[in-house]
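Student: I'm passing along structure35.cif; it holds mmCIF, C-alpha atoms (C1' of nucleotides).
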```cif
data_work
loop_
_atom_site.label_atom_id
_atom_site.label_comp_id
_atom_site.auth_asym_id
_atom_site.auth_seq_id
_atom_site.Cartn_x
_atom_site.Cartn_y
_atom_site.Cartn_z
CA MET H 36 82.99 55.67 154.06
CA LYS H 37 85.93 53.59 152.88
CA HIS H 38 84.85 53.91 149.27
CA SER H 39 84.18 57.61 149.11
CA LYS H 40 85.83 59.89 146.60
CA GLU H 41 87.74 61.45 149.48
CA TRP H 42 89.30 58.16 150.46
CA ALA H 43 90.38 57.55 146.90
CA LEU H 44 91.99 60.96 146.72
CA LEU H 45 93.83 60.43 149.99
CA ARG H 46 95.11 56.99 149.03
CA THR H 47 96.33 58.28 145.70
CA HIS H 48 98.14 61.18 147.33
CA LEU H 49 99.71 58.99 150.00
CA SER H 50 100.99 56.31 147.67
CA SER H 51 102.28 58.74 145.09
CA HIS H 52 104.28 60.52 147.79
CA GLY H 53 105.57 57.47 149.66
CA LEU H 54 103.37 58.24 152.67
CA LYS H 55 101.50 55.72 154.75
CA VAL H 56 97.98 54.83 155.72
CA THR H 57 97.62 54.96 159.49
CA LYS H 58 94.90 54.45 162.06
CA GLN H 59 94.98 58.11 162.99
CA ARG H 60 94.60 59.28 159.43
CA GLU H 61 91.63 57.01 158.96
CA VAL H 62 89.97 58.21 162.13
CA ILE H 63 90.61 61.86 161.34
CA LEU H 64 89.39 61.61 157.77
CA ASP H 65 86.20 59.87 158.92
CA ALA H 66 85.55 62.56 161.48
CA PHE H 67 86.29 65.25 158.92
CA LEU H 68 83.84 63.71 156.44
CA ALA H 69 81.17 63.59 159.12
CA MET H 70 81.56 67.28 159.85
CA GLU H 71 82.52 68.78 156.47
CA HIS H 72 83.64 72.02 158.10
CA VAL H 73 85.92 72.03 161.14
CA THR H 74 88.74 73.61 163.05
CA ALA H 75 91.65 71.65 164.50
CA GLU H 76 90.31 72.36 167.99
CA GLN H 77 86.89 70.95 167.18
CA LEU H 78 88.43 67.77 165.83
CA TYR H 79 90.64 67.52 168.86
CA ARG H 80 87.70 67.79 171.23
CA THR H 81 85.70 65.31 169.18
CA LEU H 82 88.52 62.77 169.05
CA GLY H 83 89.90 63.55 172.48
CA ARG H 84 88.73 60.41 174.26
CA HIS H 85 89.28 58.26 171.23
CA ARG H 86 91.31 55.09 171.82
CA PRO H 87 94.11 55.41 171.19
CA HIS H 88 94.32 59.09 171.98
CA ILE H 89 95.11 61.35 169.02
CA GLY H 90 97.41 64.28 169.62
CA LEU H 91 96.77 67.81 168.45
CA ALA H 92 99.95 67.79 166.41
CA THR H 93 98.70 64.81 164.43
CA ILE H 94 95.43 66.57 163.77
CA TYR H 95 97.23 69.60 162.38
CA ARG H 96 99.50 67.43 160.31
CA THR H 97 96.62 65.43 158.93
CA LEU H 98 94.53 68.50 158.12
CA ASN H 99 97.43 69.88 156.11
CA LEU H 100 97.67 66.50 154.44
CA LEU H 101 94.02 66.70 153.46
CA CYS H 102 94.69 70.08 151.89
CA ASP H 103 97.65 68.70 149.98
CA SER H 104 95.46 65.88 148.72
CA GLY H 105 92.91 68.33 147.38
CA ILE H 106 90.22 67.08 149.76
CA ALA H 107 90.10 70.08 152.06
CA GLN H 108 90.77 73.74 151.74
CA GLU H 109 91.70 75.99 154.58
CA ARG H 110 90.07 79.30 155.21
CA HIS H 111 91.26 81.87 157.72
CA PHE H 112 88.27 83.03 159.61
CA GLY H 113 88.71 85.03 162.77
CA SER H 114 91.63 83.71 164.73
CA GLN H 115 91.33 80.08 163.73
CA THR H 116 91.79 78.18 160.51
CA HIS H 117 88.74 76.37 159.25
CA TYR H 118 88.92 73.39 156.93
CA ASP H 119 86.19 72.73 154.38
CA ASN H 120 85.53 69.65 152.36
CA VAL H 121 85.80 70.81 148.77
CA VAL H 122 85.32 67.48 147.02
CA ASN H 123 82.11 67.64 144.94
CA LYS H 124 82.10 71.38 145.38
CA ARG H 125 82.51 73.69 142.46
CA HIS H 126 85.32 76.11 142.88
CA HIS H 127 84.27 79.49 144.19
CA ASP H 128 85.89 82.64 145.48
CA HIS H 129 85.07 85.06 148.26
CA MET H 130 84.03 88.64 148.89
CA ILE H 131 84.82 89.74 152.43
CA CYS H 132 83.21 92.78 154.02
CA THR H 133 85.88 94.57 156.00
CA LYS H 134 83.26 96.16 158.24
CA CYS H 135 80.89 93.38 159.28
CA GLY H 136 83.02 90.41 158.26
CA THR H 137 80.34 88.81 156.11
CA ILE H 138 81.73 86.44 153.51
CA THR H 139 79.90 86.02 150.22
CA GLU H 140 80.77 83.27 147.78
CA PHE H 141 80.76 83.75 144.05
CA GLU H 142 82.02 82.02 140.97
CA ASN H 143 83.01 83.46 137.64
CA CYS H 144 84.28 81.36 134.78
CA ASP H 145 85.51 84.33 132.79
CA ILE H 146 87.95 85.27 135.54
CA GLU H 147 89.22 81.72 135.71
CA ARG H 148 89.70 81.65 131.97
CA LEU H 149 91.78 84.84 132.12
CA GLN H 150 93.86 83.40 134.95
CA GLU H 151 94.59 80.43 132.76
CA GLN H 152 95.70 82.73 129.95
CA VAL H 153 98.04 84.66 132.24
CA ALA H 154 99.51 81.42 133.50
CA VAL H 155 100.12 80.04 130.04
CA LYS H 156 101.86 83.26 129.04
CA HIS H 157 104.33 82.72 131.92
CA GLY H 158 104.75 78.99 131.35
CA PHE H 159 102.99 78.37 134.65
CA THR H 160 100.61 75.50 135.37
CA ILE H 161 97.84 76.36 137.81
CA THR H 162 96.74 73.70 140.24
CA THR H 163 94.63 75.97 142.41
CA HIS H 164 94.05 79.60 143.16
CA LYS H 165 92.68 81.98 145.73
CA LEU H 166 90.81 85.18 144.92
CA GLU H 167 89.50 87.39 147.67
CA LEU H 168 87.79 90.73 147.23
CA TYR H 169 87.80 93.03 150.24
CA GLY H 170 85.48 95.96 150.67
CA LEU H 171 82.04 96.97 151.85
CA CYS H 172 78.96 94.85 151.44
CA ARG H 173 75.58 96.14 150.34
CA HIS H 174 74.51 96.90 153.92
CA CYS H 175 77.67 98.40 155.33
CA LYS H 176 78.13 100.97 152.60
CA ARG H 177 74.60 102.22 153.42
CA MET Y 4 110.67 111.99 155.06
CA LYS Y 5 107.94 113.93 156.79
CA HIS Y 6 106.47 115.05 153.47
CA SER Y 7 106.40 111.77 151.66
CA LYS Y 8 103.27 110.31 150.13
CA GLU Y 9 103.38 107.63 152.79
CA TRP Y 10 103.19 110.17 155.59
CA ALA Y 11 100.21 111.86 153.97
CA LEU Y 12 98.44 108.52 153.67
CA LEU Y 13 99.10 107.68 157.29
CA ARG Y 14 97.93 111.05 158.58
CA THR Y 15 94.76 110.84 156.55
CA HIS Y 16 94.01 107.38 157.82
CA LEU Y 17 94.73 108.31 161.42
CA SER Y 18 92.63 111.45 161.51
CA SER Y 19 89.72 109.91 159.66
CA HIS Y 20 89.62 107.07 162.18
CA GLY Y 21 90.15 109.09 165.35
CA LEU Y 22 93.60 107.62 165.85
CA LYS Y 23 96.65 109.49 167.03
CA VAL Y 24 100.12 110.38 165.83
CA THR Y 25 102.70 109.01 168.25
CA LYS Y 26 106.48 108.95 168.53
CA GLN Y 27 106.53 105.22 168.00
CA ARG Y 28 104.47 105.42 164.84
CA GLU Y 29 106.79 108.06 163.43
CA VAL Y 30 109.88 106.04 164.22
CA ILE Y 31 108.44 102.85 162.81
CA LEU Y 32 107.21 104.45 159.61
CA ASP Y 33 110.60 106.06 159.03
CA ALA Y 34 112.35 102.75 159.53
CA PHE Y 35 109.85 101.04 157.27
CA LEU Y 36 110.39 103.62 154.52
CA ALA Y 37 114.14 103.13 154.77
CA MET Y 38 113.81 99.40 154.29
CA GLU Y 39 110.77 99.01 151.99
CA HIS Y 40 110.50 95.30 152.73
CA VAL Y 41 110.63 93.97 156.28
CA THR Y 42 109.46 91.52 158.86
CA ALA Y 43 108.38 92.52 162.35
CA GLU Y 44 111.49 90.87 163.74
CA GLN Y 45 113.81 92.86 161.50
CA LEU Y 46 112.20 96.10 162.58
CA TYR Y 47 112.41 95.04 166.20
CA ARG Y 48 116.10 94.31 165.93
CA THR Y 49 116.71 97.57 164.07
CA LEU Y 50 114.80 99.63 166.61
CA GLY Y 51 115.88 97.58 169.59
CA ARG Y 52 118.20 100.10 171.19
CA HIS Y 53 116.08 103.04 170.19
CA ARG Y 54 115.22 105.46 172.99
CA PRO Y 55 112.61 105.05 174.16
CA HIS Y 56 112.51 101.34 173.58
CA ILE Y 57 109.78 100.16 171.22
CA GLY Y 58 108.00 96.93 172.06
CA LEU Y 59 107.38 94.13 169.62
CA ALA Y 60 103.63 94.42 170.14
CA THR Y 61 103.74 98.03 169.02
CA ILE Y 62 105.63 97.07 165.92
CA TYR Y 63 103.04 94.49 165.01
CA ARG Y 64 100.23 96.94 165.73
CA THR Y 65 101.85 99.63 163.62
CA LEU Y 66 102.57 97.32 160.71
CA ASN Y 67 98.90 96.36 160.66
CA LEU Y 68 98.09 100.05 160.75
CA LEU Y 69 100.29 100.66 157.72
CA CYS Y 70 98.38 97.95 155.89
CA ASP Y 71 95.07 99.54 156.85
CA SER Y 72 96.35 102.86 155.55
CA GLY Y 73 97.18 101.36 152.20
CA ILE Y 74 100.89 101.98 152.63
CA ALA Y 75 102.01 98.44 153.20
CA GLN Y 76 100.83 95.06 152.14
CA GLU Y 77 101.58 91.88 153.97
CA ARG Y 78 102.77 88.77 152.30
CA HIS Y 79 103.05 85.37 153.98
CA PHE Y 80 106.36 83.93 153.08
CA GLY Y 81 107.75 80.97 154.93
CA SER Y 82 106.85 81.16 158.58
CA GLN Y 83 107.00 84.94 158.86
CA THR Y 84 104.90 87.76 157.51
CA HIS Y 85 106.70 90.24 155.29
CA TYR Y 86 105.52 93.81 154.76
CA ASP Y 87 106.12 95.61 151.49
CA ASN Y 88 105.79 99.28 150.69
CA VAL Y 89 103.18 99.41 147.95
CA VAL Y 90 102.88 103.17 147.55
CA ASN Y 91 103.98 104.13 144.02
CA LYS Y 92 103.59 100.53 143.03
CA ARG Y 93 100.97 99.45 140.55
CA HIS Y 94 98.71 96.77 141.84
CA HIS Y 95 99.85 93.31 140.92
CA ASP Y 96 99.03 89.74 141.83
CA HIS Y 97 101.12 86.66 142.40
CA MET Y 98 101.83 83.26 140.98
CA ILE Y 99 103.40 80.94 143.54
CA CYS Y 100 105.25 77.78 142.58
CA THR Y 101 104.30 75.10 145.09
CA LYS Y 102 107.51 73.21 144.39
CA CYS Y 103 110.33 75.75 144.50
CA GLY Y 104 108.48 78.62 146.17
CA THR Y 105 109.28 81.15 143.49
CA ILE Y 106 106.85 84.05 143.38
CA THR Y 107 106.14 85.75 140.08
CA GLU Y 108 104.27 89.03 139.86
CA PHE Y 109 101.78 89.83 137.14
CA GLU Y 110 99.06 92.31 136.43
CA ASN Y 111 95.97 91.96 134.32
CA CYS Y 112 93.41 94.71 133.87
CA ASP Y 113 90.82 92.43 132.34
CA ILE Y 114 90.66 90.35 135.48
CA GLU Y 115 90.27 93.46 137.59
CA ARG Y 116 87.48 94.67 135.38
CA LEU Y 117 85.63 91.38 135.78
CA GLN Y 118 86.09 91.53 139.54
CA GLU Y 119 84.47 94.94 139.50
CA GLN Y 120 81.54 93.56 137.55
CA VAL Y 121 81.03 90.70 139.97
CA ALA Y 122 81.15 93.12 142.88
CA VAL Y 123 78.59 95.46 141.37
CA LYS Y 124 76.26 92.56 140.75
CA HIS Y 125 76.35 91.79 144.48
CA GLY Y 126 76.10 95.42 145.61
CA PHE Y 127 79.66 95.14 146.92
CA THR Y 128 82.29 97.90 146.82
CA ILE Y 129 85.84 96.64 146.40
CA THR Y 130 88.59 98.45 148.24
CA THR Y 131 91.30 95.90 147.61
CA HIS Y 132 91.77 92.33 146.54
CA LYS Y 133 94.15 89.44 146.62
CA LEU Y 134 94.63 86.96 143.80
CA GLU Y 135 97.11 84.14 144.11
CA LEU Y 136 97.67 81.38 141.58
CA TYR Y 137 99.31 78.22 142.91
CA GLY Y 138 100.95 75.63 140.73
CA LEU Y 139 104.16 74.71 138.97
CA CYS Y 140 106.48 77.24 137.39
CA ARG Y 141 108.14 76.81 134.03
CA HIS Y 142 111.17 75.06 135.51
CA CYS Y 143 109.52 72.80 138.04
CA LYS Y 144 107.07 71.25 135.66
CA ARG Y 145 110.08 70.22 133.54
"C1'" DT S 155 101.70 33.78 155.38
"C1'" DA S 156 105.34 35.46 158.26
"C1'" DT S 157 109.25 38.40 159.09
"C1'" DG S 158 112.93 42.01 158.75
"C1'" DG S 159 114.16 46.47 158.08
"C1'" DA S 160 114.04 51.18 155.99
"C1'" DG S 161 111.70 54.89 156.41
"C1'" DT S 162 107.35 57.25 157.88
"C1'" DA S 163 104.14 58.62 161.69
"C1'" DT S 164 103.09 59.52 166.34
"C1'" DG S 165 102.54 62.16 170.97
"C1'" DA S 166 104.48 65.17 174.28
"C1'" DA S 167 106.84 68.85 174.93
"C1'" DT S 168 108.69 72.77 173.13
"C1'" DA S 169 109.34 76.63 169.92
"C1'" DC S 170 107.57 80.13 167.23
"C1'" DA S 171 105.01 84.18 165.32
"C1'" DT S 172 101.43 86.97 166.43
"C1'" DT S 173 97.71 88.93 169.26
"C1'" DC S 174 95.67 90.17 173.57
"C1'" DT S 175 95.36 92.16 178.44
"C1'" DC S 176 95.94 95.74 181.49
"C1'" DA S 177 97.83 99.45 184.12
"C1'" DA S 178 100.28 103.51 183.17
"C1'" DT S 179 101.24 107.10 179.75
"C1'" DT S 180 100.46 110.09 175.93
"C1'" DT S 181 97.70 112.61 172.56
"C1'" DA S 182 94.17 115.93 170.54
"C1'" DG S 183 91.05 119.20 171.01
"C1'" DA S 184 88.18 122.35 173.80
"C1'" DT F 217 95.58 123.33 180.89
"C1'" DC F 218 92.16 119.56 181.35
"C1'" DT F 219 90.09 115.44 180.07
"C1'" DA F 220 88.36 111.61 177.36
"C1'" DA F 221 90.06 108.41 174.56
"C1'" DA F 222 93.83 106.17 172.23
"C1'" DT F 223 98.47 104.03 172.84
"C1'" DT F 224 102.14 101.89 175.00
"C1'" DG F 225 105.28 97.93 176.92
"C1'" DA F 226 105.59 93.73 179.39
"C1'" DG F 227 104.17 89.57 179.68
"C1'" DA F 228 100.61 86.07 179.11
"C1'" DA F 229 97.84 83.73 175.78
"C1'" DT F 230 96.81 81.77 171.33
"C1'" DG F 231 97.14 78.96 167.22
"C1'" DT F 232 100.19 76.30 164.71
"C1'" DA F 233 104.62 74.02 163.58
"C1'" DT F 234 108.73 71.46 164.90
"C1'" DT F 235 111.75 68.17 167.46
"C1'" DC F 236 112.85 63.79 169.04
"C1'" DA F 237 112.54 59.19 170.78
"C1'" DT F 238 109.43 55.46 170.16
"C1'" DA F 239 106.03 52.89 167.40
"C1'" DC F 240 104.07 51.62 163.23
"C1'" DT F 241 103.61 50.59 157.88
"C1'" DC F 242 104.82 48.81 153.83
"C1'" DC F 243 107.17 45.97 150.90
"C1'" DA F 244 110.57 42.53 149.75
"C1'" DT F 245 111.97 38.20 150.71
"C1'" DA F 246 111.44 33.57 152.40
#
```
Just give me the structure of the file as structure tokens.
Tutor:
Amino acid sequence: MKHSKEWALLRTHLSSHGLKVTKQREVILDAFLAMEHVTAEQLYRTLGRHRPHIGLATIYRTLNLLCDSGIAQERHFGSQTHYDNVVNKRHHDHMICTKCGTITEFENCDIERLQEQVAVKHGFTITTHKLELYGLCRHCKR
Amino acid sequence: MKHSKEWALLRTHLSSHGLKVTKQREVILDAFLAMEHVTAEQLYRTLGRHRPHIGLATIYRTLNLLCDSGIAQERHFGSQTHYDNVVNKRHHDHMICTKCGTITEFENCDIERLQEQVAVKHGFTITTHKLELYGLCRHCKR
DNA sequence: TATGGAGTATGAATACATTCTCAATTTAGA
DNA sequence: TCTAAATTGAGAATGTATTCATACTCCATA
């Protein structure tokens, strides 16, 4: 796992921000890569009996770090925050049914192109974006 | 204030969902209308010595209700959630600078039109949406 | 290769914002 | 007025962030 794209991204982010490579970060990234989609709680349970023990605070801190590095992306789903591995994944957005909660993914290059235009017009440089459509899915609108 | 657009929206939402008009909801909506932009804490402090006393839980519940009614919209800013009055406000989206935190509003009909197209293609009916662009503003990118 | 030291990271406990639980109260409609 | 159902406040619970003293990393120097 030490040579994965994710590791490269993390190392780059760490060194360019004066941050450090630690045992805990290695362990957490490995666990994250093995699961691809987790909550902090799940990671905590998985790594609970790990030697040395890894605290919940460190897990939260490291998950945020993974987001900052562009490796993970958080998604609020129910009461907990889920973290997805987005390396090797094309960017996509979400349609959320406000009745049944179903989440549908979609991608649309035209929208992204327009976003870029808007940004340029304001002298803004986009690094990432979030687009969520809320409404009723095919089934719930009956 | 009893005849404002906001009151009409709230009443419609309540009756169409089998919910009820209560003293607390009236008091909170009035306070919200007077401020236009608040956090739950601010409202709680403002209404603290109100008779009868209004609990923080009720304030949170009512603010969520205002969002459901289309009167307010929540925005996560720092550690707290802010609620804005969006009645009489054209829909707009946000560009957030990840360095200095500045939020710039913008609107773009073309993007909204494309969103509508995507939704139709999936049999989805949009009631609302959220689009946030993250990156560096004019000043921070230097 | 070994070491010193500045600054970062850690875990435990604590703080914080928000939501939930539940018994008692209030509302809307017949 | 009566009654079913929604709402309330207090406090507990939840998920996440922060604080602080200790431990570790990294890099420069030897």
Student: Expand the PyMOL selection byres ((chain S) within 8 of (chain H)) into the explicit residue set it covers here, and present it as a PyMOL selection string.
Tutor: chain S and resi 162-165
Student: Kindly save the residues from that selection, with C-alpha atoms (C1' of nucleotides) included, as a PDB file, in the coordinates of the input.
Tutor:
```
ATOM      1  C1'  DT S 162     107.350  57.250 157.880  1.00  0.00           C
ATOM      2  C1'  DA S 163     104.140  58.620 161.690  1.00  0.00           C
ATOM      3  C1'  DT S 164     103.090  59.520 166.340  1.00  0.00           C
ATOM      4  C1'  DG S 165     102.540  62.160 170.970  1.00  0.00           C
TER       5       DG S 165
END
```
Student: Using only C-alpha atoms (C1' of nucleotides), can you list as a list in words the residues within 10 Å of (83.1, 90.2, 141.4)?
Tutor: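 Residues with an atom at most 10 Å from (83.1, 90.2, 141.4): Asp128, His129, Met130, Glu140, Phe141, Glu142, Asn143, Ile146, Leu166, Glu167 and Leu168 of chain H; Ile114, Glu115, Arg116, Leu117, Gln118, Glu119, Gln120, Val121, Ala122, Val123, Lys124, His125, Gly126, Phe127, Thr128 and Ile129 of chain Y.
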Student: Provide the atom CA of Leu64 of chain H to atom CA of Gln115 of chain H distance in Å, to one decimal place.
Tutor: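 We find that atom CA of Leu64 of chain H and atom CA of Gln115 of chain H lie 19.5 Å from each other.
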Student: Please list, as a ChimeraX atom specification, the residues that have an atom at most 12 Å away from (102.3, 35.7, 153.3) in the coordinates of this file, counting all atoms listed in the file.
Tutor: /S:155-157 /F:243-246
Student: Contacts of DT168 of chain S at 12 Å or less, counting only C-alpha atoms (C1' of nucleotides), minus same-chain residues fewer than 6 places along, as a list in words?
Tutor: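 The filter keeps DA233, DT234, DT235 and DC236 of chain F.
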Student: Between H:Ile138, H:Leu101, H:Ala75, H:Val121, single out the one closest to chain F, counting only C-alpha atoms (C1' of nucleotides).
Tutor: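 So, comparing all the options, the nearest one is H:Ala75.
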Student: Using the chain letters and numbering of this document, enumerate as a PyMOL selection string the residues selected by the PyMOL selection byres ((chain F) within 9 of (chain H)).
Tutor: chain F and resi 230-233+240-242
Student: Write out, as a PDB file, keeping the file's coordinate frame, the residues just selected, with C-alpha atoms (C1' of nucleotides).
Tutor:
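Printed below is out-v2.pdb as written:
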```pdb
ATOM      1  C1'  DT F 230      96.810  81.770 171.330  1.00  0.00           C
ATOM      2  C1'  DG F 231      97.140  78.960 167.220  1.00  0.00           C
ATOM      3  C1'  DT F 232     100.190  76.300 164.710  1.00  0.00           C
ATOM      4  C1'  DA F 233     104.620  74.020 163.580  1.00  0.00           C
ATOM      5  C1'  DC F 240     104.070  51.620 163.230  1.00  0.00           C
ATOM      6  C1'  DT F 241     103.610  50.590 157.880  1.00  0.00           C
ATOM      7  C1'  DC F 242     104.820  48.810 153.830  1.00  0.00           C
TER       8       DC F 242
END
```
Student: Name every residue that the PyMOL selection byres ((chain S and resi 183) around 12) selects in this structure, writing the answer as number ranges by chain with chains first and numbers rising.
Tutor: Y: 21, 23; S: 181-182, 184; F: 217-221
